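Dropping final-v5.txt in here (compact mmCIF, C-alpha atoms and all ligand atoms):
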# COMPACT_ATOMS: atom_id res chain seq x y z
CA MET A 1 26.56 41.08 -14.82
CA THR A 2 22.96 42.08 -13.99
CA GLY A 3 23.40 45.03 -16.36
CA THR A 4 24.46 42.70 -19.19
CA LEU A 5 21.48 40.41 -18.56
CA PHE A 6 19.10 43.37 -18.57
CA LEU A 7 20.63 44.67 -21.78
CA SER A 8 20.28 41.30 -23.53
CA LEU A 9 16.63 41.12 -22.36
CA VAL A 10 15.92 44.62 -23.71
CA LEU A 11 17.67 43.79 -27.00
CA THR A 12 15.73 40.54 -27.43
CA SER A 13 12.45 42.39 -26.79
CA ALA A 14 13.42 45.06 -29.35
CA VAL A 15 14.28 42.37 -31.89
CA MET A 16 10.96 40.57 -31.22
CA THR A 17 9.04 43.84 -31.62
CA ALA A 18 10.75 44.39 -34.98
CA ILE A 19 9.98 40.80 -36.05
CA VAL A 20 6.29 41.12 -35.06
CA ALA A 21 6.05 44.49 -36.86
CA VAL A 22 7.72 43.24 -40.06
CA ARG A 23 5.65 40.04 -39.98
CA TYR A 24 2.48 42.14 -39.68
CA LEU A 25 3.49 44.49 -42.51
CA ALA A 26 4.43 41.58 -44.80
CA ILE A 27 1.37 39.36 -44.16
CA SER A 28 -1.20 42.18 -43.97
CA GLY A 29 0.42 43.90 -46.95
CA GLY A 30 0.34 40.68 -48.97
CA PHE A 31 -3.32 39.94 -48.21
CA ALA A 32 -4.32 43.60 -48.71
CA TRP A 33 -2.74 43.43 -52.18
CA LEU A 34 -4.52 40.12 -52.88
CA SER A 35 -7.84 41.56 -51.62
CA ARG A 36 -7.66 44.45 -54.10
CA LYS A 37 -6.95 41.94 -56.91
CA VAL A 38 -9.68 39.47 -55.96
CA ARG A 39 -12.30 42.07 -54.94
CA PRO A 40 -11.49 45.26 -56.88
CA GLY A 41 -12.62 48.36 -54.99
CA ILE A 42 -13.01 46.48 -51.69
CA TYR A 43 -11.00 49.08 -49.72
CA ASP A 44 -12.00 52.17 -51.74
CA GLY A 45 -12.53 55.17 -49.47
CA LEU A 46 -10.99 53.39 -46.48
CA SER A 47 -7.53 55.03 -46.60
CA PRO A 48 -7.97 57.12 -43.38
CA GLN A 49 -9.20 53.99 -41.55
CA ILE A 50 -6.28 51.91 -42.90
CA ARG A 51 -3.83 54.53 -41.61
CA ARG A 52 -5.41 54.23 -38.14
CA GLU A 53 -5.29 50.41 -38.36
CA LEU A 54 -1.57 50.62 -39.21
CA ARG A 55 -0.78 52.93 -36.28
CA TRP A 56 -2.66 50.84 -33.68
CA SER A 57 -1.18 47.60 -35.09
CA LEU A 58 2.40 48.86 -34.93
CA LEU A 59 1.82 49.97 -31.33
CA SER A 60 0.49 46.47 -30.60
CA ALA A 61 3.68 45.00 -32.11
CA ALA A 62 5.70 46.72 -29.36
CA ILE A 63 3.34 45.33 -26.70
CA TYR A 64 3.51 41.80 -28.11
CA GLY A 65 7.28 42.05 -28.55
CA ILE A 66 8.10 42.44 -24.85
CA PRO A 67 6.66 39.18 -23.39
CA ALA A 68 7.67 37.35 -26.60
CA GLY A 69 11.20 38.72 -26.18
CA PHE A 70 11.24 37.59 -22.55
CA ALA A 71 10.19 34.06 -23.58
CA LEU A 72 12.83 33.92 -26.33
CA TRP A 73 15.49 35.23 -23.92
CA GLY A 74 14.46 32.67 -21.26
CA TRP A 75 14.63 29.89 -23.87
CA LYS A 76 17.93 30.84 -25.51
CA GLU A 77 19.87 32.16 -22.52
CA HIS A 78 18.55 30.01 -19.70
CA GLY A 79 16.64 27.02 -21.12
CA TRP A 80 13.66 27.95 -18.95
CA THR A 81 10.93 27.17 -21.46
CA ARG A 82 9.39 23.83 -22.48
CA VAL A 83 10.27 24.44 -26.16
CA TYR A 84 12.21 21.47 -27.53
CA THR A 85 14.07 20.88 -30.79
CA GLY A 86 14.88 17.15 -30.93
CA TRP A 87 12.31 14.97 -32.74
CA ASP A 88 12.76 12.17 -30.21
CA ALA A 89 12.28 14.34 -27.11
CA MET A 90 8.53 13.54 -27.08
CA PRO A 91 6.40 10.96 -28.97
CA LEU A 92 5.46 12.02 -32.51
CA TRP A 93 1.72 11.89 -31.74
CA TYR A 94 2.31 14.70 -29.30
CA LEU A 95 3.16 17.13 -32.15
CA PRO A 96 -0.46 17.70 -33.33
CA VAL A 97 -1.72 17.40 -29.73
CA SER A 98 0.56 20.25 -28.59
CA LEU A 99 -0.55 22.36 -31.56
CA PHE A 100 -4.19 21.80 -30.60
CA ILE A 101 -3.56 22.53 -26.88
CA TYR A 102 -1.92 25.88 -27.72
CA LEU A 103 -4.69 26.90 -30.13
CA PHE A 104 -7.46 25.76 -27.76
CA VAL A 105 -6.03 27.55 -24.71
CA HIS A 106 -5.49 30.73 -26.75
CA ASP A 107 -9.00 30.44 -28.18
CA THR A 108 -10.51 29.95 -24.71
CA TRP A 109 -8.68 32.96 -23.27
CA PHE A 110 -9.65 35.07 -26.28
CA TYR A 111 -13.33 34.05 -26.18
CA TRP A 112 -13.84 35.00 -22.53
CA THR A 113 -11.76 38.19 -22.52
CA HIS A 114 -13.38 39.24 -25.82
CA ARG A 115 -16.85 38.60 -24.43
CA TRP A 116 -15.96 40.60 -21.33
CA MET A 117 -14.70 43.46 -23.52
CA HIS A 118 -18.16 43.72 -25.05
CA ARG A 119 -19.56 44.91 -21.71
CA PRO A 120 -20.24 48.66 -22.01
CA ARG A 121 -17.33 50.03 -19.99
CA PRO A 122 -14.47 47.76 -21.19
CA PHE A 123 -15.87 48.21 -24.70
CA ARG A 124 -15.62 52.02 -24.45
CA VAL A 125 -12.20 51.96 -22.81
CA MET A 126 -10.39 49.25 -24.75
CA HIS A 127 -12.34 47.41 -27.46
CA ALA A 128 -13.93 50.30 -29.41
CA VAL A 129 -10.63 50.83 -31.24
CA HIS A 130 -10.87 47.40 -32.88
CA HIS A 131 -14.53 47.95 -33.85
CA ALA A 132 -13.79 51.41 -35.28
CA SER A 133 -12.83 49.46 -38.42
CA ARG A 134 -16.13 49.35 -40.33
CA PRO A 135 -15.70 47.18 -42.27
CA PRO A 136 -12.30 45.88 -41.14
CA THR A 137 -9.51 45.40 -43.69
CA ALA A 138 -6.47 43.11 -43.90
CA TRP A 139 -4.60 45.82 -41.94
CA ALA A 140 -6.91 45.48 -38.90
CA ALA A 141 -5.37 42.20 -37.63
CA MET A 142 -3.55 43.85 -34.70
CA SER A 143 -5.58 47.07 -34.57
CA PHE A 144 -6.14 47.07 -30.82
CA HIS A 145 -6.03 49.58 -28.01
CA PRO A 146 -2.84 48.93 -25.94
CA PHE A 147 -4.96 47.58 -23.04
CA GLU A 148 -6.56 45.04 -25.37
CA ALA A 149 -3.17 44.17 -26.90
CA LEU A 150 -1.91 43.52 -23.35
CA THR A 151 -4.70 40.98 -22.69
CA GLY A 152 -3.52 38.91 -25.64
CA ALA A 153 0.23 39.44 -25.36
CA PHE A 154 0.96 36.96 -22.57
CA VAL A 155 -0.90 33.83 -23.67
CA VAL A 156 1.66 32.12 -25.94
CA PRO A 157 4.74 33.51 -24.06
CA LEU A 158 3.26 32.02 -20.85
CA LEU A 159 2.31 28.70 -22.44
CA VAL A 160 5.87 28.04 -23.61
CA PHE A 161 6.92 27.94 -19.94
CA LEU A 162 4.18 25.41 -19.08
CA VAL A 163 3.31 23.13 -22.00
CA PRO A 164 6.03 21.30 -23.99
CA ILE A 165 6.06 22.14 -27.68
CA HIS A 166 8.41 21.33 -30.55
CA VAL A 167 9.83 24.45 -32.17
CA SER A 168 8.17 23.47 -35.50
CA MET A 169 4.73 23.32 -33.85
CA LEU A 170 5.37 26.65 -32.13
CA THR A 171 6.16 28.10 -35.56
CA ALA A 172 2.89 26.57 -36.83
CA VAL A 173 0.96 28.18 -33.92
CA LEU A 174 2.47 31.60 -34.67
CA THR A 175 1.80 31.22 -38.41
CA ILE A 176 -1.84 30.20 -37.89
CA MET A 177 -2.27 33.06 -35.39
CA THR A 178 -0.87 35.64 -37.83
CA VAL A 179 -2.48 34.42 -41.05
CA MET A 180 -5.93 33.85 -39.51
CA GLY A 181 -5.76 37.21 -37.72
CA VAL A 182 -5.21 38.92 -41.05
CA THR A 183 -7.51 36.87 -43.28
CA ASN A 184 -10.44 36.92 -40.81
CA HIS A 185 -10.53 40.70 -41.20
CA MET A 186 -9.90 41.13 -44.92
CA GLY A 187 -13.59 41.18 -45.92
CA TRP A 188 -13.85 38.09 -48.12
CA GLU A 189 -13.67 34.32 -47.65
CA MET A 190 -10.55 32.67 -49.04
CA PHE A 191 -11.51 29.12 -48.06
CA PRO A 192 -13.69 27.13 -50.48
CA LYS A 193 -17.44 26.86 -49.79
CA TRP A 194 -17.22 23.06 -49.51
CA LEU A 195 -14.93 23.50 -46.50
CA VAL A 196 -16.59 26.50 -44.83
CA HIS A 197 -20.04 24.86 -45.06
CA SER A 198 -18.83 21.37 -44.15
CA ARG A 199 -19.10 19.62 -40.79
CA VAL A 200 -15.48 20.52 -40.05
CA GLY A 201 -16.08 24.12 -41.16
CA ALA A 202 -18.96 24.31 -38.68
CA TRP A 203 -16.35 24.24 -35.90
CA LEU A 204 -13.74 26.55 -37.46
CA ILE A 205 -13.56 30.32 -37.55
CA THR A 206 -12.73 31.94 -40.87
CA ALA A 207 -13.50 35.35 -42.40
CA SER A 208 -17.24 34.75 -42.88
CA HIS A 209 -17.63 34.01 -39.15
CA HIS A 210 -15.55 36.87 -37.75
CA GLN A 211 -17.01 39.34 -40.28
CA HIS A 212 -20.38 38.63 -38.68
CA HIS A 213 -18.92 39.64 -35.30
CA HIS A 214 -17.93 43.00 -36.77
CA GLU A 215 -21.45 43.48 -38.19
CA ALA A 216 -23.58 42.25 -35.29
CA TYR A 217 -21.21 42.80 -32.29
CA SER A 218 -22.86 40.60 -29.63
CA CYS A 219 -22.07 37.20 -31.14
CA ASN A 220 -19.25 35.13 -32.68
CA TYR A 221 -16.59 36.01 -30.09
CA GLY A 222 -14.18 33.11 -30.78
CA LEU A 223 -10.73 33.16 -32.33
CA TYR A 224 -9.98 29.80 -34.03
CA PHE A 225 -12.85 27.47 -33.08
CA ARG A 226 -16.62 27.86 -32.74
CA PHE A 227 -16.63 25.58 -29.68
CA TRP A 228 -17.25 28.24 -27.00
CA ASP A 229 -19.66 30.23 -29.16
CA ARG A 230 -21.73 27.11 -29.80
CA LEU A 231 -21.58 25.94 -26.18
CA CYS A 232 -22.58 29.37 -24.83
CA GLY A 233 -25.22 30.13 -27.47
CA THR A 234 -23.35 33.10 -28.94
CA ASP A 235 -22.78 31.58 -32.39
CA ARG A 236 -24.95 33.31 -35.01
CA GLY A 237 -23.43 31.68 -38.06
CA LEU A 238 -21.74 33.21 -41.06
CA SER A 239 -21.96 36.66 -42.58
CA PRO A 240 -23.72 36.78 -45.95
CA ASN A 241 -21.36 39.63 -46.92
CA ALA A 242 -18.01 37.82 -46.74
CA GLY A 243 -18.59 35.13 -49.38
ZN ZN A 301 -15.37 42.47 -30.56
ZN ZN A 302 -11.96 41.53 -35.27

Render the structure in this file as structure tokens.
Ligand SMILES: [Zn+2]
Ligand SMILES: [Zn+2]
Amino acid sequence: MTGTLFLSLVLTSAVMTAIVAVRYLAISGGFAWLSRKVRPGIYDGLSPQIRRELRWSLLSAAIYGIPAGFALWGWKEHGWTRVYTGWDAMPLWYLPVSLFIYLFVHDTWFYWTHRWMHRPRPFRVMHAVHHASRPPTAWAAMSFHPFEALTGAFVVPLLVFLVPIHVSMLTAVLTIMTVMGVTNHMGWEMFPKWLVHSRVGAWLITASHHQHHHEAYSCNYGLYFRFWDRLCGTDRGLSPNAG
């Protein structure tokens, strides 16, 4: 019995790893293709770097797949998580609230661990891999050292055990996470100027904000929102090179 449980856990983790890897290849591949169309020559001469970004990202997929597989297994086999499917299980207003809670908690965790990883020793050991992409490309979304991938791998899989979320909102969280991870690294801004330079845009992180992190290093540490960067005085605005 225990053997069967273990096997189903291993299988679910393997399936999740494959899903994360295919999702990465599809979304990064799609935006890399679009980048070459919209900004011809943008990745010229970067082939060796892109190969490295691919290798690190696929390794990260395996690291993300294990806790994600455990969460999926706990949900499907045991009903342990707080993921719900019925529309009447919680009030409708809770749908956007849960989406925001997940993004904000993830953003908070990312900001502080990312800031810590810019201290000299953690930077050398685990974060230099991500910054070896100069400039990053659409393939750099999951280009992390395994230690860094581990710091991010548990946030959403842990949250699903603690904070109720409708499966549609969980899908939205994972989509935003994947698409923003890719587009923030692709080297150009896909959102219109009127949004990026608006009052709402002043609180959101898109390519022009994260590009500046890759140029200047000691600023713009956030993931989705500029809240922590602004509060802690680490927000240095947008990159002039990602317009
Ligand atoms: Zn960094
Ligand atoms: Zn980055």

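Here CA of Ala132 (chain A) stands at a distance of 8.2 Å from CA of Gln49 (chain A).
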
Straight-line distance linking CA of Met190 (chain A) with CA of Thr206 (chain A), stated in Å to one decimal: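 Interatomic distance here is 8.5 Å.
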
Mind running chain A against ligand ZN 301 (chain A) at 8 Å and telling me each contacting residue's nearest atom pair with the distance in Å (one decimal), counting only C-alpha atoms and all ligand atoms, chain and number ascending, as a Markdown table?
| residue | atom | partner | partner_atom | distance |
| --- | --- | --- | --- | --- |
| A:His114 | CA | A:ZN301 | ZN | 6.1 |
| A:Arg115 | CA | A:ZN301 | ZN | 7.4 |
| A:Met117 | CA | A:ZN301 | ZN | 7.1 |
| A:His118 | CA | A:ZN301 | ZN | 6.3 |
| A:His127 | CA | A:ZN301 | ZN | 6.6 |
| A:His130 | CA | A:ZN301 | ZN | 7.1 |
| A:His131 | CA | A:ZN301 | ZN | 6.4 |
| A:His213 | CA | A:ZN301 | ZN | 6.6 |
| A:His214 | CA | A:ZN301 | ZN | 6.7 |
| A:Tyr217 | CA | A:ZN301 | ZN | 6.1 |
| A:Ser218 | CA | A:ZN301 | ZN | 7.8 |
| A:Tyr221 | CA | A:ZN301 | ZN | 6.6 |

At a cut-off of 10 Å and counting only C-alpha atoms and all ligand atoms, what residues surround ligand ZN 302 (chain A)? Please answer as a PDB file with C-alpha atoms, in the frame of the given file.
ATOM      1  CA  HIS A 114     -13.380  39.240 -25.820  1.00  0.00           C
ATOM      2  CA  HIS A 127     -12.340  47.410 -27.460  1.00  0.00           C
ATOM      3  CA  HIS A 130     -10.870  47.400 -32.880  1.00  0.00           C
ATOM      4  CA  HIS A 131     -14.530  47.950 -33.850  1.00  0.00           C
ATOM      5  CA  SER A 133     -12.830  49.460 -38.420  1.00  0.00           C
ATOM      6  CA  PRO A 135     -15.700  47.180 -42.270  1.00  0.00           C
ATOM      7  CA  PRO A 136     -12.300  45.880 -41.140  1.00  0.00           C
ATOM      8  CA  THR A 137      -9.510  45.400 -43.690  1.00  0.00           C
ATOM      9  CA  ALA A 140      -6.910  45.480 -38.900  1.00  0.00           C
ATOM     10  CA  ALA A 141      -5.370  42.200 -37.630  1.00  0.00           C
ATOM     11  CA  MET A 142      -3.550  43.850 -34.700  1.00  0.00           C
ATOM     12  CA  SER A 143      -5.580  47.070 -34.570  1.00  0.00           C
ATOM     13  CA  PHE A 144      -6.140  47.070 -30.820  1.00  0.00           C
ATOM     14  CA  GLY A 181      -5.760  37.210 -37.720  1.00  0.00           C
ATOM     15  CA  VAL A 182      -5.210  38.920 -41.050  1.00  0.00           C
ATOM     16  CA  ASN A 184     -10.440  36.920 -40.810  1.00  0.00           C
ATOM     17  CA  HIS A 185     -10.530  40.700 -41.200  1.00  0.00           C
ATOM     18  CA  MET A 186      -9.900  41.130 -44.920  1.00  0.00           C
ATOM     19  CA  ALA A 207     -13.500  35.350 -42.400  1.00  0.00           C
ATOM     20  CA  HIS A 210     -15.550  36.870 -37.750  1.00  0.00           C
ATOM     21  CA  GLN A 211     -17.010  39.340 -40.280  1.00  0.00           C
ATOM     22  CA  HIS A 212     -20.380  38.630 -38.680  1.00  0.00           C
ATOM     23  CA  HIS A 213     -18.920  39.640 -35.300  1.00  0.00           C
ATOM     24  CA  HIS A 214     -17.930  43.000 -36.770  1.00  0.00           C
ATOM     25  CA  TYR A 217     -21.210  42.800 -32.290  1.00  0.00           C
ATOM     26  CA  TYR A 221     -16.590  36.010 -30.090  1.00  0.00           C
ATOM     27  CA  GLY A 222     -14.180  33.110 -30.780  1.00  0.00           C
ATOM     28  CA  LEU A 223     -10.730  33.160 -32.330  1.00  0.00           C
TER      29      LEU A 223
END

Spatial neighbours of Ile66 (chain A), max dist 8 Å, only C-alpha atoms, sep filter under 5 positions, as a list in words: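 Surrounding residues, per the criterion: Ser13, Ala14, Met16 and Thr17 of chain A.
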
d(CA of His145 (chain A), CA of Val160 (chain A)) in Å: 25.0 Å

Residue among A:Thr234, A:Leu7, A:Ser198, A:Ser98 lying closest to Tyr84 (chain A), counting only C-alpha atoms: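 So, comparing all the options, the nearest one is A:Ser98.
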
Among the residues A:Trp56, A:Phe161, A:Trp194, A:Phe123, the one that comes closest to Gly74 (chain A) [using only C-alpha atoms]: A:Phe161

Any idea what's packed within 12 Å of region 59-65 of chain A, counting all atoms listed in the file, ignoring anything in its chain fewer than 5 positions away? Could you give it as a CSV table (one decimal) with C-alpha atoms, in the frame of the given file?
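Done, and the output landed in result.csv:
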chain,number,residue,atom,x,y,z
A,9,LEU,CA,16.6,41.1,-22.4
A,10,VAL,CA,15.9,44.6,-23.7
A,11,LEU,CA,17.7,43.8,-27.0
A,12,THR,CA,15.7,40.5,-27.4
A,13,SER,CA,12.4,42.4,-26.8
A,14,ALA,CA,13.4,45.1,-29.4
A,15,VAL,CA,14.3,42.4,-31.9
A,16,MET,CA,11.0,40.6,-31.2
A,17,THR,CA,9.0,43.8,-31.6
A,18,ALA,CA,10.8,44.4,-35.0
A,19,ILE,CA,10.0,40.8,-36.0
A,20,VAL,CA,6.3,41.1,-35.1
A,21,ALA,CA,6.0,44.5,-36.9
A,22,VAL,CA,7.7,43.2,-40.1
A,23,ARG,CA,5.6,40.0,-40.0
A,24,TYR,CA,2.5,42.1,-39.7
A,25,LEU,CA,3.5,44.5,-42.5
A,52,ARG,CA,-5.4,54.2,-38.1
A,53,GLU,CA,-5.3,50.4,-38.4
A,54,LEU,CA,-1.6,50.6,-39.2
A,70,PHE,CA,11.2,37.6,-22.6
A,71,ALA,CA,10.2,34.1,-23.6
A,72,LEU,CA,12.8,33.9,-26.3
A,73,TRP,CA,15.5,35.2,-23.9
A,129,VAL,CA,-10.6,50.8,-31.2
A,130,HIS,CA,-10.9,47.4,-32.9
A,140,ALA,CA,-6.9,45.5,-38.9
A,141,ALA,CA,-5.4,42.2,-37.6
A,142,MET,CA,-3.6,43.8,-34.7
A,143,SER,CA,-5.6,47.1,-34.6
A,144,PHE,CA,-6.1,47.1,-30.8
A,145,HIS,CA,-6.0,49.6,-28.0
A,146,PRO,CA,-2.8,48.9,-25.9
A,147,PHE,CA,-5.0,47.6,-23.0
A,148,GLU,CA,-6.6,45.0,-25.4
A,149,ALA,CA,-3.2,44.2,-26.9
A,150,LEU,CA,-1.9,43.5,-23.4
A,151,THR,CA,-4.7,41.0,-22.7
A,152,GLY,CA,-3.5,38.9,-25.6
A,153,ALA,CA,0.2,39.4,-25.4
A,154,PHE,CA,1.0,37.0,-22.6
A,155,VAL,CA,-0.9,33.8,-23.7
A,156,VAL,CA,1.7,32.1,-25.9
A,157,PRO,CA,4.7,33.5,-24.1
A,178,THR,CA,-0.9,35.6,-37.8

Give, as JSON, the centre coordinates and the x, y and z edge lengths in Å to one decimal for an axis-aligned box around all listed atoms of region 110-114 of chain A, padded by 5 Å on each side.
{"center_x": -11.7, "center_y": 36.6, "center_z": -24.4, "size_x": 14.2, "size_y": 15.2, "size_z": 13.8}

Protein and nucleic acid residues near (6.4, 23.1, -23.3) (cut-off 12 Å, only C-alpha atoms) as a PyMOL selection string: chain A and resi 71+75+79-85+89-90+94-95+97-99+101-102+156-167+169-170

Ref. answer, residues at most 12 Å from (-2.7, 42.7, -51.0) with all atoms listed in the file, as JSON, numbers by chain: {"A": [25, 26, 27, 28, 29, 30, 31, 32, 33, 34, 35, 36, 37, 38, 39, 40, 42, 43, 137, 138, 139, 182, 183, 186]}
